[in-house]
file start11.txt (compact mmCIF, C-alpha atoms)
# COMPACT_ATOMS: atom_id res chain seq x y z
CA MET A 1 1.77 36.76 113.93
CA ASN A 2 3.88 34.00 112.55
CA ARG A 3 3.38 32.58 109.06
CA ILE A 4 1.30 29.53 110.17
CA THR A 5 -1.02 31.71 112.27
CA THR A 6 -1.45 34.12 109.36
CA MET A 7 -2.29 31.25 106.99
CA LEU A 8 -4.79 29.78 109.48
CA ALA A 9 -6.44 33.18 109.95
CA ALA A 10 -6.68 33.67 106.18
CA GLY A 11 -8.12 30.18 105.77
CA MET A 12 -10.71 30.77 108.50
CA ALA A 13 -11.66 34.10 106.91
CA ALA A 14 -12.09 32.39 103.51
CA ILE A 15 -14.30 29.73 105.07
CA GLY A 16 -16.35 32.43 106.81
CA PHE A 17 -16.86 34.35 103.57
CA ALA A 18 -17.78 31.16 101.70
CA ALA A 19 -20.32 30.23 104.37
CA ALA A 20 -21.80 33.73 104.35
CA ALA A 21 -22.08 33.92 100.56
CA PRO A 22 -25.15 31.64 100.27
CA ALA A 23 -26.94 33.64 102.96
CA ALA A 24 -26.32 36.87 101.04
CA ALA A 25 -27.68 35.34 97.81
CA GLN A 26 -31.27 34.82 98.93
CA LEU A 27 -33.34 35.09 95.75
CA GLN A 28 -37.10 35.22 96.03
CA VAL A 29 -39.34 33.30 93.63
CA TYR A 30 -41.64 35.63 91.64
CA GLU A 31 -39.52 38.57 92.74
CA ASP A 32 -36.06 37.67 91.43
CA TYR A 33 -37.03 34.82 89.12
CA GLU A 34 -40.18 33.20 87.83
CA PRO A 35 -40.74 29.55 86.93
CA SER A 36 -42.32 29.28 83.49
CA GLU A 37 -45.60 27.44 83.07
CA GLU A 38 -44.18 25.65 80.03
CA VAL A 39 -42.46 22.35 80.74
CA ILE A 40 -40.16 20.40 78.48
CA GLU A 41 -39.74 16.64 78.45
CA MET A 42 -36.16 15.81 77.51
CA THR A 43 -35.12 12.26 76.61
CA LEU A 44 -31.43 11.38 76.32
CA VAL A 45 -30.72 8.63 73.80
CA LYS A 46 -27.57 6.67 73.01
CA VAL A 47 -27.79 5.45 69.40
CA GLU A 48 -25.30 2.79 68.34
CA GLU A 49 -22.50 3.95 66.08
CA GLY A 50 -23.53 3.84 62.42
CA GLN A 51 -27.25 3.59 63.25
CA LEU A 52 -28.19 7.28 63.54
CA ASP A 53 -29.81 7.50 60.09
CA THR A 54 -31.76 4.30 60.72
CA TYR A 55 -33.00 5.66 64.04
CA LEU A 56 -33.89 9.07 62.56
CA GLU A 57 -35.79 7.37 59.72
CA GLY A 58 -37.81 5.45 62.29
CA LEU A 59 -38.43 8.59 64.38
CA LYS A 60 -39.70 10.41 61.30
CA GLN A 61 -42.32 7.69 60.76
CA THR A 62 -43.32 7.29 64.42
CA TRP A 63 -42.33 9.91 67.00
CA VAL A 64 -42.34 12.92 64.64
CA LYS A 65 -45.68 11.96 63.06
CA ALA A 66 -47.31 11.38 66.46
CA ASN A 67 -45.99 14.71 67.74
CA GLU A 68 -47.27 16.47 64.62
CA VAL A 69 -50.75 15.08 65.29
CA GLN A 70 -50.55 16.20 68.93
CA LYS A 71 -49.29 19.63 67.88
CA GLU A 72 -52.18 20.05 65.43
CA MET A 73 -54.57 19.05 68.22
CA GLY A 74 -52.98 21.60 70.57
CA TYR A 75 -51.73 18.96 73.03
CA VAL A 76 -48.06 19.91 72.61
CA LYS A 77 -46.46 23.24 71.74
CA GLY A 78 -43.58 21.73 69.82
CA TYR A 79 -40.84 19.13 69.72
CA GLY A 80 -37.24 18.81 68.63
CA ILE A 81 -34.45 16.39 67.84
CA TYR A 82 -30.93 17.49 68.77
CA GLY A 83 -27.66 15.81 67.86
CA VAL A 84 -24.88 15.93 70.45
CA PRO A 85 -21.60 16.59 68.60
CA TYR A 86 -19.38 16.22 71.67
CA GLY A 87 -19.54 15.33 75.34
CA GLU A 88 -18.94 12.38 77.60
CA GLY A 89 -20.54 9.92 75.17
CA GLU A 90 -23.36 8.88 77.49
CA PHE A 91 -25.89 10.02 74.88
CA ASN A 92 -25.70 11.35 71.33
CA LEU A 93 -29.27 12.44 70.68
CA VAL A 94 -31.77 14.51 72.67
CA LEU A 95 -35.51 14.42 72.02
CA THR A 96 -37.66 17.21 73.44
CA ILE A 97 -41.38 17.83 73.66
CA ARG A 98 -42.69 21.22 74.85
CA PHE A 99 -45.94 21.31 76.83
CA ALA A 100 -47.90 24.44 77.73
CA ASN A 101 -48.03 23.49 81.41
CA ASP A 102 -48.11 20.64 83.93
CA GLU A 103 -51.78 19.96 83.22
CA ALA A 104 -50.88 18.87 79.68
CA LEU A 105 -48.90 16.00 81.23
CA THR A 106 -51.62 14.59 83.44
CA PRO A 107 -53.52 11.52 82.24
CA ASN A 108 -56.69 12.52 80.46
CA LYS A 109 -59.02 9.95 78.93
CA GLU A 110 -60.71 12.43 76.57
CA ARG A 111 -57.37 13.67 75.18
CA TYR A 112 -56.13 10.10 74.81
CA MET A 113 -59.26 8.98 72.94
CA GLU A 114 -59.13 12.01 70.64
CA PHE A 115 -55.46 11.35 69.89
CA MET A 116 -56.09 7.66 69.21
CA GLU A 117 -58.91 8.55 66.85
CA ALA A 118 -56.66 10.99 64.97
CA TRP A 119 -53.53 8.78 65.10
CA GLY A 120 -55.31 5.53 64.35
CA GLU A 121 -54.83 1.95 65.47
CA ALA A 122 -52.74 1.12 62.37
CA ASN A 123 -50.22 3.87 63.16
CA MET A 124 -50.08 2.78 66.79
CA GLU A 125 -49.37 -0.85 65.88
CA SER A 126 -46.78 0.18 63.28
CA SER A 127 -45.05 2.43 65.83
CA ASN A 128 -45.04 -0.32 68.45
CA GLU A 129 -43.56 -2.74 65.94
CA THR A 130 -40.82 -0.25 65.01
CA VAL A 131 -39.94 0.14 68.70
CA ARG A 132 -39.79 -3.63 69.22
CA GLU A 133 -38.03 -4.58 66.00
CA VAL A 134 -35.70 -1.62 65.40
CA TYR A 135 -35.35 0.87 68.26
CA ASN A 136 -34.72 -1.67 71.00
CA LYS A 137 -31.81 -3.08 68.98
CA ILE A 138 -30.03 0.17 68.06
CA ARG A 139 -30.61 2.60 70.90
CA LYS A 140 -30.76 2.87 74.65
CA ILE A 141 -32.73 5.50 76.55
CA GLN A 142 -30.30 7.04 79.04
CA GLY A 143 -32.91 9.06 80.92
CA THR A 144 -35.99 11.21 80.65
CA TYR A 145 -36.20 14.52 82.48
CA MET A 146 -38.72 17.30 82.94
CA LEU A 147 -37.37 20.83 82.57
CA ARG A 148 -38.91 24.13 83.63
CA GLU A 149 -37.23 27.38 82.70
CA LEU A 150 -36.46 29.77 85.55
CA LYS A 151 -36.70 33.26 84.09
CA MET A 152 -34.56 35.80 85.90
CA THR A 153 -36.02 39.26 86.43
CA MET A 154 -33.80 42.31 86.23

call {"tool": "encode", "arguments": {"input": "start11.txt", "output": "structure tokens"}}
result
Amino acid sequence: MNRITTMLAAGMAAIGFAAAAPAAAQLQVYEDYEPSEEVIEMTLVKVEEGQLDTYLEGLKQTWVKANEVQKEMGYVKGYGIYGVPYGEGEFNLVLTIRFANDEALTPNKERYMEFMEAWGEANMESSNETVREVYNKIRKIQGTYMLRELKMTM
């Protein structure tokens, strides 16, 4: 074989192995991995430079308080605020809310009414005003995603 033929043969073999690799890696759900029931809502936020403390102060009075009420009521499992120290710069803050399962995300009039009774109309109006007057001027929501952990079995 000459050098070009050898290189072509090696290239074809590499392509063959690459194509076969996905077929060999056939994982089975509930056998090799299991999707968790818990789901996480993740919101990516870009806060303007110099406005992080202002935004966090607002979140403490609105988003955190509302999540605390929902946590006490058992509607959410937990929540978190994460700073992004480095990356592409598309977002610099991540907000998460953990739900027990998909059902916790479906609209439910009884849950909504119970939350509104606990949260109160005054808190709702104050939160809406903060969003309109502060948040919309200093931050941009870059996306909201739902996450579900895939737990690998060994």

call {"tool": "residues_near_point", "arguments": {"input": "start11.txt", "point": "(-34.5, 16.8, 66.4)", "cutoff": "8 Å", "atoms": "all atoms listed in the file", "output": "PyMOL selection string"}}
result
chain A and resi 79-83+94-96

call {"tool": "residues_around", "arguments": {"input": "start11.txt", "residues": "segment 33-49 of chain A", "least_positions_apart": "4", "cutoff": "6 Å", "atoms": "all atoms listed in the file", "output": "list in words"}}
result
Val29, Phe91, Asn92, Leu93, Val94, Leu95, Thr96, Ile97, Arg98, Phe99, Ala100, Asn101, Ile138, Arg139, Lys140, Ile141, Gln142, Gly143, Thr144, Tyr145, Met146, Leu147, Arg148, Glu149, Leu150, Lys151, Met152 and Thr153 of chain A

call {"tool": "atom_distance", "arguments": {"input": "start11.txt", "atom1": "atom CA of Glu68 of chain A", "atom2": "atom CA of Ala104 of chain A"}}
result
15.7 Å

call {"tool": "atom_distance", "arguments": {"input": "start11.txt", "atom1": "atom CA of Asp32 of chain A", "atom2": "atom CA of Met154 of chain A"}}
result
7.3 Å

call {"tool": "atom_distance", "arguments": {"input": "start11.txt", "atom1": "atom CA of Val131 of chain A", "atom2": "atom CA of Met116 of chain A"}}
result
17.8 Å

call {"tool": "residues_around", "arguments": {"input": "start11.txt", "residues": "Ala118 of chain A", "least_positions_apart": "4", "cutoff": "10 Å", "atoms": "only C-alpha atoms", "output": "list in words"}}
result
Ala66, Val69, Gln70, Met73, Tyr112, Met113, Glu114 and Asn123 of chain A

call {"tool": "axis_aligned_box", "arguments": {"input": "start11.txt", "around": "segment 43-49 of chain A", "padding_each_side": "3 Å", "output": "AutoDock Vina command-line options"}}
result
--center_x -28.8 --center_y 7.5 --center_z 71.3 --size_x 18.6 --size_y 15.5 --size_z 16.5

call {"tool": "closest_residue", "arguments": {"input": "start11.txt", "among": "A:Asn136, A:Thr62, A:Val76, A:Ala25", "to": "Ala122 of chain A", "atoms": "all atoms listed in the file"}}
result
A:Thr62

call {"tool": "closest_residue", "arguments": {"input": "start11.txt", "among": "A:Glu31, A:Thr54, A:Trp63, A:Tyr75", "to": "Thr106 of chain A", "atoms": "all atoms listed in the file"}}
result
A:Tyr75

call {"tool": "build_atoms", "arguments": {"input": "start11.txt", "residues": "segment 40-67 of chain A", "atoms": "N, CA and C atoms", "output": "PDB file, in the coordinates of the input"}}
result
ATOM      1  N   ILE A  40     -40.775  21.103  79.601  1.00  0.00           N
ATOM      2  CA  ILE A  40     -40.160  20.400  78.480  1.00  0.00           C
ATOM      3  C   ILE A  40     -39.763  19.011  78.951  1.00  0.00           C
ATOM      4  N   GLU A  41     -40.194  18.010  78.204  1.00  0.00           N
ATOM      5  CA  GLU A  41     -39.740  16.640  78.450  1.00  0.00           C
ATOM      6  C   GLU A  41     -38.508  16.431  77.587  1.00  0.00           C
ATOM      7  N   MET A  42     -37.422  16.009  78.210  1.00  0.00           N
ATOM      8  CA  MET A  42     -36.160  15.810  77.510  1.00  0.00           C
ATOM      9  C   MET A  42     -35.737  14.355  77.687  1.00  0.00           C
ATOM     10  N   THR A  43     -35.560  13.651  76.575  1.00  0.00           N
ATOM     11  CA  THR A  43     -35.120  12.260  76.610  1.00  0.00           C
ATOM     12  C   THR A  43     -33.726  12.164  76.006  1.00  0.00           C
ATOM     13  N   LEU A  44     -32.806  11.574  76.766  1.00  0.00           N
ATOM     14  CA  LEU A  44     -31.430  11.380  76.320  1.00  0.00           C
ATOM     15  C   LEU A  44     -31.299   9.977  75.742  1.00  0.00           C
ATOM     16  N   VAL A  45     -30.781   9.900  74.514  1.00  0.00           N
ATOM     17  CA  VAL A  45     -30.720   8.630  73.800  1.00  0.00           C
ATOM     18  C   VAL A  45     -29.294   8.354  73.341  1.00  0.00           C
ATOM     19  N   LYS A  46     -28.863   7.127  73.533  1.00  0.00           N
ATOM     20  CA  LYS A  46     -27.570   6.670  73.010  1.00  0.00           C
ATOM     21  C   LYS A  46     -27.869   5.754  71.832  1.00  0.00           C
ATOM     22  N   VAL A  47     -27.578   6.235  70.616  1.00  0.00           N
ATOM     23  CA  VAL A  47     -27.790   5.450  69.400  1.00  0.00           C
ATOM     24  C   VAL A  47     -26.461   4.798  69.042  1.00  0.00           C
ATOM     25  N   GLU A  48     -26.516   3.515  68.710  1.00  0.00           N
ATOM     26  CA  GLU A  48     -25.300   2.790  68.340  1.00  0.00           C
ATOM     27  C   GLU A  48     -24.609   3.453  67.159  1.00  0.00           C
ATOM     28  N   GLU A  49     -23.294   3.376  67.160  1.00  0.00           N
ATOM     29  CA  GLU A  49     -22.500   3.950  66.080  1.00  0.00           C
ATOM     30  C   GLU A  49     -22.949   3.376  64.741  1.00  0.00           C
ATOM     31  N   GLY A  50     -23.122   4.250  63.764  1.00  0.00           N
ATOM     32  CA  GLY A  50     -23.530   3.840  62.420  1.00  0.00           C
ATOM     33  C   GLY A  50     -25.030   3.635  62.255  1.00  0.00           C
ATOM     34  N   GLN A  51     -25.802   3.839  63.321  1.00  0.00           N
ATOM     35  CA  GLN A  51     -27.250   3.590  63.250  1.00  0.00           C
ATOM     36  C   GLN A  51     -28.094   4.868  63.349  1.00  0.00           C
ATOM     37  N   LEU A  52     -27.444   6.039  63.362  1.00  0.00           N
ATOM     38  CA  LEU A  52     -28.190   7.280  63.540  1.00  0.00           C
ATOM     39  C   LEU A  52     -29.229   7.491  62.443  1.00  0.00           C
ATOM     40  N   ASP A  53     -28.855   7.298  61.183  1.00  0.00           N
ATOM     41  CA  ASP A  53     -29.810   7.500  60.090  1.00  0.00           C
ATOM     42  C   ASP A  53     -30.975   6.520  60.172  1.00  0.00           C
ATOM     43  N   THR A  54     -30.690   5.299  60.553  1.00  0.00           N
ATOM     44  CA  THR A  54     -31.760   4.300  60.720  1.00  0.00           C
ATOM     45  C   THR A  54     -32.720   4.750  61.807  1.00  0.00           C
ATOM     46  N   TYR A  55     -32.165   5.211  62.926  1.00  0.00           N
ATOM     47  CA  TYR A  55     -33.000   5.660  64.040  1.00  0.00           C
ATOM     48  C   TYR A  55     -33.821   6.893  63.642  1.00  0.00           C
ATOM     49  N   LEU A  56     -33.178   7.862  62.992  1.00  0.00           N
ATOM     50  CA  LEU A  56     -33.890   9.070  62.560  1.00  0.00           C
ATOM     51  C   LEU A  56     -35.009   8.745  61.571  1.00  0.00           C
ATOM     52  N   GLU A  57     -34.752   7.793  60.676  1.00  0.00           N
ATOM     53  CA  GLU A  57     -35.790   7.370  59.720  1.00  0.00           C
ATOM     54  C   GLU A  57     -36.991   6.811  60.462  1.00  0.00           C
ATOM     55  N   GLY A  58     -36.723   5.998  61.482  1.00  0.00           N
ATOM     56  CA  GLY A  58     -37.810   5.450  62.290  1.00  0.00           C
ATOM     57  C   GLY A  58     -38.542   6.545  63.054  1.00  0.00           C
ATOM     58  N   LEU A  59     -37.790   7.489  63.646  1.00  0.00           N
ATOM     59  CA  LEU A  59     -38.430   8.590  64.380  1.00  0.00           C
ATOM     60  C   LEU A  59     -39.347   9.410  63.472  1.00  0.00           C
ATOM     61  N   LYS A  60     -38.893   9.624  62.246  1.00  0.00           N
ATOM     62  CA  LYS A  60     -39.700  10.410  61.300  1.00  0.00           C
ATOM     63  C   LYS A  60     -41.061   9.752  61.067  1.00  0.00           C
ATOM     64  N   GLN A  61     -41.074   8.415  61.022  1.00  0.00           N
ATOM     65  CA  GLN A  61     -42.320   7.690  60.760  1.00  0.00           C
ATOM     66  C   GLN A  61     -43.173   7.458  62.004  1.00  0.00           C
ATOM     67  N   THR A  62     -42.578   7.597  63.185  1.00  0.00           N
ATOM     68  CA  THR A  62     -43.320   7.290  64.420  1.00  0.00           C
ATOM     69  C   THR A  62     -43.426   8.526  65.310  1.00  0.00           C
ATOM     70  N   TRP A  63     -42.356   8.849  65.982  1.00  0.00           N
ATOM     71  CA  TRP A  63     -42.330   9.910  67.000  1.00  0.00           C
ATOM     72  C   TRP A  63     -42.676  11.276  66.413  1.00  0.00           C
ATOM     73  N   VAL A  64     -42.073  11.617  65.277  1.00  0.00           N
ATOM     74  CA  VAL A  64     -42.340  12.920  64.640  1.00  0.00           C
ATOM     75  C   VAL A  64     -43.799  12.995  64.200  1.00  0.00           C
ATOM     76  N   LYS A  65     -44.284  11.946  63.517  1.00  0.00           N
ATOM     77  CA  LYS A  65     -45.680  11.960  63.060  1.00  0.00           C
ATOM     78  C   LYS A  65     -46.661  12.070  64.224  1.00  0.00           C
ATOM     79  N   ALA A  66     -46.413  11.328  65.300  1.00  0.00           N
ATOM     80  CA  ALA A  66     -47.310  11.380  66.460  1.00  0.00           C
ATOM     81  C   ALA A  66     -47.269  12.762  67.101  1.00  0.00           C
ATOM     82  N   ASN A  67     -46.087  13.367  67.177  1.00  0.00           N
ATOM     83  CA  ASN A  67     -45.990  14.710  67.740  1.00  0.00           C
ATOM     84  C   ASN A  67     -46.648  15.748  66.842  1.00  0.00           C
TER      85      ASN A  67
END
